[in-house]
Amino acid sequence: MENPEEGREITAKINSAEVIKEWEERADNARGVQVVTLLGAKTDLGRVRENNEDKFEFYQPDEEDTLALKGSFYAVADGMGGHAAGQIASELALKTAIKAYYADKSPIIEESLRAAIQQANALIFDASRAITERSGMGTTLTALVIRGEEAFIAQVGDSRCYLLRGGKIRQVTEDHSWVQEQVRLGGLTEEEAMMSPFRNVITRSLGNSPNVDVDIFTEQIKPGDQFLLCSDGLSGEVSADEMAQAMRKGSPSQAAQELVELALERGGKDNATLIILAIKDIINSEGRPAKRKGLGALFGRG
């Protein structure tokens, strides 16, 4: 039976000398590996909302040392709260998380991601308590880090990450939402969850409490992979199969445009935001395909 928690880190690792050495070796493996990508991104107000509380951001370092140690960072956030507080929360989350992530010189990506997102959470929580108009503000955050031949996905909330591989798409993340919890417990089917009036009720977000749990997922990347990060304004209107169809037939930019237009055609009841990152090739410093020996063991695969 497949383990539903496979590839998912629930608790932080103990930083023994062995663990630190492993992560340093993983960073060394990333040195000189060039990941050739294409990026597409789009955000839209939708047809109902008066302001856009979604935000996307990315950072692709030029320095080889930074790329080897920390990789490239891509993220989507979906804010909530009145008086433009949601917009402020999503912007604070992404700016703070990216800055904190790259300021941390540890090679342990999972811990760096958790710490950066927790720092963003604390800032938003404090701001919501200090300013009356921002009371209750918060945001989701789903981030993707590509370092060498590894991908790390961090998630809080119901913004999603999908992976298209070999023409087939799957959802990497698991929504922190009331309906998804009911699905996991057997109280609702996936179809019932999609139709539920409570499908937008999330159970975890940045800014709701002083601390937040961050889920981390890991993947070994391959040429041809495409990652899609999106807010629920897109995933609530467009199916995974429709996402895959658009990604298979067009460039990331074309697919992003097509998918947002599809969400708008279906009512555009919420802001819709997405990033599509296509892995075109993975090459070493000599211009040859990067060696993949041993990487499977890092993820418990043969």
# chains A, B, ... in the order shown; residues from 1 in each chain; ligands from 1
$ select_by_dssp --residues "segment 66-215 of chain A" --states "strand (DSSP E)" --output "PyMOL selection string"
chain A and resi 72-80+138-139+141-147+150-156+160-165+168-171+215
$ write_last_selection --atoms "C-alpha atoms" --output "PDB file, in the first residue's frame"
ATOM      1  CA  SER A  72      15.505  29.664  -7.329  1.00  0.00           C
ATOM      2  CA  PHE A  73      12.296  30.629  -5.528  1.00  0.00           C
ATOM      3  CA  TYR A  74       8.738  30.879  -6.926  1.00  0.00           C
ATOM      4  CA  ALA A  75       5.576  31.510  -4.907  1.00  0.00           C
ATOM      5  CA  VAL A  76       1.867  32.365  -4.970  1.00  0.00           C
ATOM      6  CA  ALA A  77      -0.108  33.901  -2.084  1.00  0.00           C
ATOM      7  CA  ASP A  78      -3.847  34.516  -1.689  1.00  0.00           C
ATOM      8  CA  GLY A  79      -4.631  37.172   0.917  1.00  0.00           C
ATOM      9  CA  MET A  80      -7.755  37.677   3.002  1.00  0.00           C
ATOM     10  CA  GLY A 138      -3.978  36.609   6.579  1.00  0.00           C
ATOM     11  CA  THR A 139      -2.813  34.792   3.502  1.00  0.00           C
ATOM     12  CA  LEU A 141       1.424  30.776   0.654  1.00  0.00           C
ATOM     13  CA  THR A 142       2.673  28.045  -1.653  1.00  0.00           C
ATOM     14  CA  ALA A 143       6.327  28.180  -2.658  1.00  0.00           C
ATOM     15  CA  LEU A 144       8.547  26.171  -5.001  1.00  0.00           C
ATOM     16  CA  VAL A 145      12.343  26.056  -4.750  1.00  0.00           C
ATOM     17  CA  ILE A 146      14.392  24.488  -7.539  1.00  0.00           C
ATOM     18  CA  ARG A 147      17.955  23.653  -6.517  1.00  0.00           C
ATOM     19  CA  GLU A 150      15.683  18.823  -6.583  1.00  0.00           C
ATOM     20  CA  ALA A 151      12.363  20.587  -6.042  1.00  0.00           C
ATOM     21  CA  PHE A 152      11.015  21.616  -2.630  1.00  0.00           C
ATOM     22  CA  ILE A 153       7.411  22.740  -2.222  1.00  0.00           C
ATOM     23  CA  ALA A 154       6.257  24.568   0.919  1.00  0.00           C
ATOM     24  CA  GLN A 155       2.585  25.128   1.641  1.00  0.00           C
ATOM     25  CA  VAL A 156       0.230  26.856   4.061  1.00  0.00           C
ATOM     26  CA  ARG A 160      -1.881  24.553  -4.795  1.00  0.00           C
ATOM     27  CA  CYS A 161       1.119  23.085  -6.567  1.00  0.00           C
ATOM     28  CA  TYR A 162       0.620  20.679  -9.464  1.00  0.00           C
ATOM     29  CA  LEU A 163       3.239  18.681 -11.364  1.00  0.00           C
ATOM     30  CA  LEU A 164       2.794  17.745 -15.016  1.00  0.00           C
ATOM     31  CA  ARG A 165       5.092  14.858 -15.951  1.00  0.00           C
ATOM     32  CA  LYS A 168      -0.057  13.400 -16.674  1.00  0.00           C
ATOM     33  CA  ILE A 169      -0.832  15.903 -13.939  1.00  0.00           C
ATOM     34  CA  ARG A 170      -1.062  15.388 -10.197  1.00  0.00           C
ATOM     35  CA  GLN A 171      -1.614  17.674  -7.250  1.00  0.00           C
ATOM     36  CA  ASP A 215       4.082  21.366   4.977  1.00  0.00           C
TER      37      ASP A 215
END
$ residues_around --residues "segment 131-135 of chain A" --least-positions-apart "5" --cutoff "9 Å" --atoms "only C-alpha atoms" --output "MDAnalysis selection string"
chainID A and resid 81:86 88:89 125:126
$ residues_around --residues "Ala256 of chain A" --least-positions-apart "2" --cutoff "7 Å" --atoms "only C-alpha atoms" --output "PyMOL selection string"
chain A and resi 40-42+252-254+258-260+274+276
$ write_last_selection --atoms "N, CA and C atoms" --output "PDB file, in the first residue's frame"
ATOM      1  N   GLY A  40       6.002  31.239 -16.997  1.00  0.00           N
ATOM      2  CA  GLY A  40       4.809  32.006 -17.340  1.00  0.00           C
ATOM      3  C   GLY A  40       4.050  32.329 -16.070  1.00  0.00           C
ATOM      4  N   ALA A  41       3.490  33.518 -15.978  1.00  0.00           N
ATOM      5  CA  ALA A  41       2.766  33.908 -14.765  1.00  0.00           C
ATOM      6  C   ALA A  41       1.682  34.922 -15.117  1.00  0.00           C
ATOM      7  N   LYS A  42       0.582  34.856 -14.371  1.00  0.00           N
ATOM      8  CA  LYS A  42      -0.495  35.817 -14.607  1.00  0.00           C
ATOM      9  C   LYS A  42      -1.357  35.921 -13.355  1.00  0.00           C
ATOM     10  N   PRO A 252       4.487  28.155 -21.285  1.00  0.00           N
ATOM     11  CA  PRO A 252       3.974  28.558 -19.969  1.00  0.00           C
ATOM     12  C   PRO A 252       3.182  29.860 -20.000  1.00  0.00           C
ATOM     13  N   SER A 253       3.660  30.842 -20.765  1.00  0.00           N
ATOM     14  CA  SER A 253       2.929  32.108 -20.847  1.00  0.00           C
ATOM     15  C   SER A 253       1.582  31.929 -21.531  1.00  0.00           C
ATOM     16  N   GLN A 254       1.564  31.169 -22.617  1.00  0.00           N
ATOM     17  CA  GLN A 254       0.301  30.923 -23.315  1.00  0.00           C
ATOM     18  C   GLN A 254      -0.673  30.154 -22.441  1.00  0.00           C
ATOM     19  N   GLU A 258      -4.376  31.333 -21.106  1.00  0.00           N
ATOM     20  CA  GLU A 258      -5.560  30.537 -21.444  1.00  0.00           C
ATOM     21  C   GLU A 258      -6.321  30.103 -20.191  1.00  0.00           C
ATOM     22  N   LEU A 259      -5.600  29.697 -19.167  1.00  0.00           N
ATOM     23  CA  LEU A 259      -6.259  29.196 -17.963  1.00  0.00           C
ATOM     24  C   LEU A 259      -6.957  30.308 -17.189  1.00  0.00           C
ATOM     25  N   VAL A 260      -6.355  31.487 -17.121  1.00  0.00           N
ATOM     26  CA  VAL A 260      -7.028  32.605 -16.457  1.00  0.00           C
ATOM     27  C   VAL A 260      -8.274  33.016 -17.244  1.00  0.00           C
ATOM     28  N   LEU A 274      -1.553  32.442 -11.136  1.00  0.00           N
ATOM     29  CA  LEU A 274      -0.763  31.225 -11.307  1.00  0.00           C
ATOM     30  C   LEU A 274       0.630  31.528 -11.828  1.00  0.00           C
ATOM     31  N   ILE A 276       3.570  29.124 -13.925  1.00  0.00           N
ATOM     32  CA  ILE A 276       3.933  27.848 -14.549  1.00  0.00           C
ATOM     33  C   ILE A 276       5.425  27.877 -14.820  1.00  0.00           C
TER      34      ILE A 276
END
$ closest_residue --among "A:Asp54, A:Glu181, A:Glu237, A:Asp175" --to "Thr273 of chain A" --atoms "only C-alpha atoms"
A:Asp54
$ select_by_dssp --residues "segment 77-260 of chain A" --states "alpha helix (DSSP H)" --output "ChimeraX atom specification"
/A:85-103,109-130,178-185,190-195,232-235,240-249,252-260
$ write_last_selection --atoms "C-alpha atoms" --output "PDB file, in the first residue's frame"
ATOM      1  CA  ALA A  85      -5.650  43.938   4.340  1.00  0.00           C
ATOM      2  CA  GLY A  86      -5.512  40.764   2.251  1.00  0.00           C
ATOM      3  CA  GLN A  87      -3.495  42.509  -0.409  1.00  0.00           C
ATOM      4  CA  ILE A  88      -1.076  43.764   2.236  1.00  0.00           C
ATOM      5  CA  ALA A  89      -0.816  40.300   3.809  1.00  0.00           C
ATOM      6  CA  SER A  90       0.019  38.505   0.556  1.00  0.00           C
ATOM      7  CA  GLU A  91       2.625  41.111  -0.368  1.00  0.00           C
ATOM      8  CA  LEU A  92       4.189  41.027   3.104  1.00  0.00           C
ATOM      9  CA  ALA A  93       4.276  37.235   3.025  1.00  0.00           C
ATOM     10  CA  LEU A  94       6.143  36.947  -0.252  1.00  0.00           C
ATOM     11  CA  LYS A  95       8.578  39.811   0.328  1.00  0.00           C
ATOM     12  CA  THR A  96       9.418  38.611   3.829  1.00  0.00           C
ATOM     13  CA  ALA A  97       9.678  34.927   2.952  1.00  0.00           C
ATOM     14  CA  ILE A  98      12.003  35.479  -0.013  1.00  0.00           C
ATOM     15  CA  LYS A  99      14.247  37.883   1.883  1.00  0.00           C
ATOM     16  CA  ALA A 100      14.446  35.618   4.940  1.00  0.00           C
ATOM     17  CA  TYR A 101      15.017  32.509   2.852  1.00  0.00           C
ATOM     18  CA  TYR A 102      18.053  33.902   1.036  1.00  0.00           C
ATOM     19  CA  ALA A 103      19.424  35.507   4.199  1.00  0.00           C
ATOM     20  CA  ILE A 109      16.363  23.829   2.308  1.00  0.00           C
ATOM     21  CA  GLU A 110      13.450  22.411   4.274  1.00  0.00           C
ATOM     22  CA  GLU A 111      14.434  24.230   7.465  1.00  0.00           C
ATOM     23  CA  SER A 112      15.186  27.451   5.601  1.00  0.00           C
ATOM     24  CA  LEU A 113      11.754  27.386   3.968  1.00  0.00           C
ATOM     25  CA  ARG A 114       9.966  26.699   7.237  1.00  0.00           C
ATOM     26  CA  ALA A 115      11.869  29.425   9.075  1.00  0.00           C
ATOM     27  CA  ALA A 116      11.288  31.992   6.318  1.00  0.00           C
ATOM     28  CA  ILE A 117       7.565  31.325   6.159  1.00  0.00           C
ATOM     29  CA  GLN A 118       7.259  31.345   9.939  1.00  0.00           C
ATOM     30  CA  GLN A 119       9.004  34.733   9.983  1.00  0.00           C
ATOM     31  CA  ALA A 120       6.467  36.026   7.458  1.00  0.00           C
ATOM     32  CA  ASN A 121       3.654  34.596   9.569  1.00  0.00           C
ATOM     33  CA  ALA A 122       4.894  36.383  12.707  1.00  0.00           C
ATOM     34  CA  LEU A 123       5.130  39.709  10.883  1.00  0.00           C
ATOM     35  CA  ILE A 124       1.592  39.446   9.511  1.00  0.00           C
ATOM     36  CA  PHE A 125       0.223  38.329  12.881  1.00  0.00           C
ATOM     37  CA  ASP A 126       1.835  41.291  14.650  1.00  0.00           C
ATOM     38  CA  ALA A 127       0.610  43.737  11.981  1.00  0.00           C
ATOM     39  CA  SER A 128      -2.959  42.443  12.246  1.00  0.00           C
ATOM     40  CA  ARG A 129      -2.934  43.041  16.012  1.00  0.00           C
ATOM     41  CA  ALA A 130      -1.276  46.460  15.840  1.00  0.00           C
ATOM     42  CA  TRP A 178     -12.411  22.217   5.883  1.00  0.00           C
ATOM     43  CA  VAL A 179     -13.737  20.295   2.890  1.00  0.00           C
ATOM     44  CA  GLN A 180     -10.413  18.570   2.250  1.00  0.00           C
ATOM     45  CA  GLU A 181     -10.309  17.449   5.875  1.00  0.00           C
ATOM     46  CA  GLN A 182     -13.791  15.994   5.408  1.00  0.00           C
ATOM     47  CA  VAL A 183     -12.641  14.179   2.272  1.00  0.00           C
ATOM     48  CA  ARG A 184      -9.682  12.688   4.146  1.00  0.00           C
ATOM     49  CA  LEU A 185     -12.031  11.559   6.942  1.00  0.00           C
ATOM     50  CA  GLU A 190     -14.208  14.914  -4.001  1.00  0.00           C
ATOM     51  CA  GLU A 191     -17.283  15.823  -6.065  1.00  0.00           C
ATOM     52  CA  GLU A 192     -19.229  16.892  -2.977  1.00  0.00           C
ATOM     53  CA  ALA A 193     -16.263  18.938  -1.786  1.00  0.00           C
ATOM     54  CA  MET A 194     -16.178  20.838  -5.090  1.00  0.00           C
ATOM     55  CA  MET A 195     -19.852  21.791  -4.667  1.00  0.00           C
ATOM     56  CA  ASP A 232      -8.047  28.792  -5.490  1.00  0.00           C
ATOM     57  CA  GLY A 233      -9.513  31.385  -7.821  1.00  0.00           C
ATOM     58  CA  LEU A 234      -8.039  29.266 -10.598  1.00  0.00           C
ATOM     59  CA  SER A 235      -8.303  25.743  -9.153  1.00  0.00           C
ATOM     60  CA  ALA A 240      -6.559  19.598 -13.270  1.00  0.00           C
ATOM     61  CA  ASP A 241      -7.174  17.933 -16.640  1.00  0.00           C
ATOM     62  CA  GLU A 242      -7.867  21.326 -18.217  1.00  0.00           C
ATOM     63  CA  MET A 243      -4.664  22.684 -16.690  1.00  0.00           C
ATOM     64  CA  ALA A 244      -2.724  19.759 -18.152  1.00  0.00           C
ATOM     65  CA  GLN A 245      -4.271  20.230 -21.591  1.00  0.00           C
ATOM     66  CA  ALA A 246      -3.277  23.906 -21.694  1.00  0.00           C
ATOM     67  CA  MET A 247       0.245  23.155 -20.435  1.00  0.00           C
ATOM     68  CA  ARG A 248       0.790  20.368 -22.973  1.00  0.00           C
ATOM     69  CA  LYS A 249      -0.166  22.413 -25.998  1.00  0.00           C
ATOM     70  CA  PRO A 252       3.974  28.558 -19.969  1.00  0.00           C
ATOM     71  CA  SER A 253       2.929  32.108 -20.847  1.00  0.00           C
ATOM     72  CA  GLN A 254       0.301  30.923 -23.315  1.00  0.00           C
ATOM     73  CA  ALA A 255      -1.026  28.340 -20.878  1.00  0.00           C
ATOM     74  CA  ALA A 256      -1.222  30.888 -18.052  1.00  0.00           C
ATOM     75  CA  GLN A 257      -3.203  33.272 -20.260  1.00  0.00           C
ATOM     76  CA  GLU A 258      -5.560  30.537 -21.444  1.00  0.00           C
ATOM     77  CA  LEU A 259      -6.259  29.196 -17.963  1.00  0.00           C
ATOM     78  CA  VAL A 260      -7.028  32.605 -16.457  1.00  0.00           C
TER      79      VAL A 260
END
$ residues_around --residues "Ala278 of chain A" --least-positions-apart "5" --cutoff "9 Å" --atoms "only C-alpha atoms" --output "list in words"
Val36, Thr37, Leu38, Leu39, Gly40, Pro223, Gly224, Asp225, Gln226, Phe227, Leu228, Ser251 and Pro252 of chain A
$ closest_residue --among "A:Asn284, A:Thr218, A:Ser231, A:Ser239" --to "Asn271 of chain A" --atoms "only C-alpha atoms"
A:Ser231
$ residues_around --residues "Ile20 of chain A" --least-positions-apart "3" --cutoff "12 Å" --atoms "only C-alpha atoms" --output "list in words"
Lys13, Ile14, Asn15, Ser16, Ala17, Trp23, Glu24, Glu25, Arg26, Ala27, Ser106, Pro107, Ile108, Ile109 and Glu111 of chain A
$ write_last_selection --atoms "N, CA and C atoms" --output "short mmCIF file (atom, residue, chain, number, x, y, z; two decimals), in the first residue's frame"
data_model
loop_
_atom_site.label_atom_id
_atom_site.label_comp_id
_atom_site.auth_asym_id
_atom_site.auth_seq_id
_atom_site.Cartn_x
_atom_site.Cartn_y
_atom_site.Cartn_z
N LYS A 13 14.11 17.98 10.86
CA LYS A 13 15.12 16.99 11.15
C LYS A 13 16.06 17.47 12.25
N ILE A 14 16.63 16.51 12.97
CA ILE A 14 17.64 16.83 13.96
C ILE A 14 18.95 17.06 13.22
N ASN A 15 19.58 18.19 13.50
CA ASN A 15 20.78 18.55 12.75
C ASN A 15 22.03 17.89 13.31
N SER A 16 22.12 16.59 13.15
CA SER A 16 23.34 15.89 13.51
C SER A 16 24.39 16.19 12.45
N ALA A 17 25.65 15.86 12.76
CA ALA A 17 26.73 16.08 11.80
C ALA A 17 26.45 15.32 10.52
N TRP A 23 23.23 17.31 3.58
CA TRP A 23 22.70 18.50 2.91
C TRP A 23 23.82 19.30 2.22
N GLU A 24 24.99 19.31 2.80
CA GLU A 24 26.12 19.97 2.15
C GLU A 24 26.48 19.25 0.85
N GLU A 25 26.41 17.93 0.86
CA GLU A 25 26.68 17.16 -0.35
C GLU A 25 25.62 17.42 -1.40
N ARG A 26 24.38 17.57 -0.98
CA ARG A 26 23.30 17.88 -1.92
C ARG A 26 23.52 19.26 -2.55
N ALA A 27 23.99 20.21 -1.75
CA ALA A 27 24.30 21.53 -2.30
C ALA A 27 25.48 21.44 -3.27
N SER A 106 22.10 28.41 5.53
CA SER A 106 22.09 26.97 5.73
C SER A 106 21.78 26.25 4.43
N PRO A 107 22.42 25.10 4.17
CA PRO A 107 22.09 24.32 2.97
C PRO A 107 20.83 23.49 3.16
N ILE A 108 20.27 23.47 4.37
CA ILE A 108 19.10 22.63 4.65
C ILE A 108 17.85 23.37 4.18
N ILE A 109 17.45 23.08 2.96
CA ILE A 109 16.36 23.83 2.31
C ILE A 109 15.07 23.76 3.10
N GLU A 111 14.43 23.38 6.28
CA GLU A 111 14.43 24.23 7.46
C GLU A 111 14.42 25.70 7.09
#
$ closest_residue --among "A:Asp281, A:Glu53, A:Asp28, A:Glu22" --to "Ile221 of chain A" --atoms "only C-alpha atoms"
A:Asp281
$ atom_distance --atom1 "atom CA of Gly157 of chain A" --atom2 "atom CA of Cys230 of chain A"
11.5 Å
$ closest_residue --among "A:Arg31, A:Arg49, A:Arg266, A:Arg204" --to "Ile283 of chain A" --atoms "only C-alpha atoms"
A:Arg31
$ closest_residue --among "A:Pro61, A:His176, A:Leu229, A:Ala263" --to "Asp213 of chain A" --atoms "only C-alpha atoms"
A:His176
$ closest_residue --among "A:Thr203, A:Asp65, A:Gly148, A:Asn29" --to "Ile282 of chain A" --atoms "only C-alpha atoms"
A:Gly148
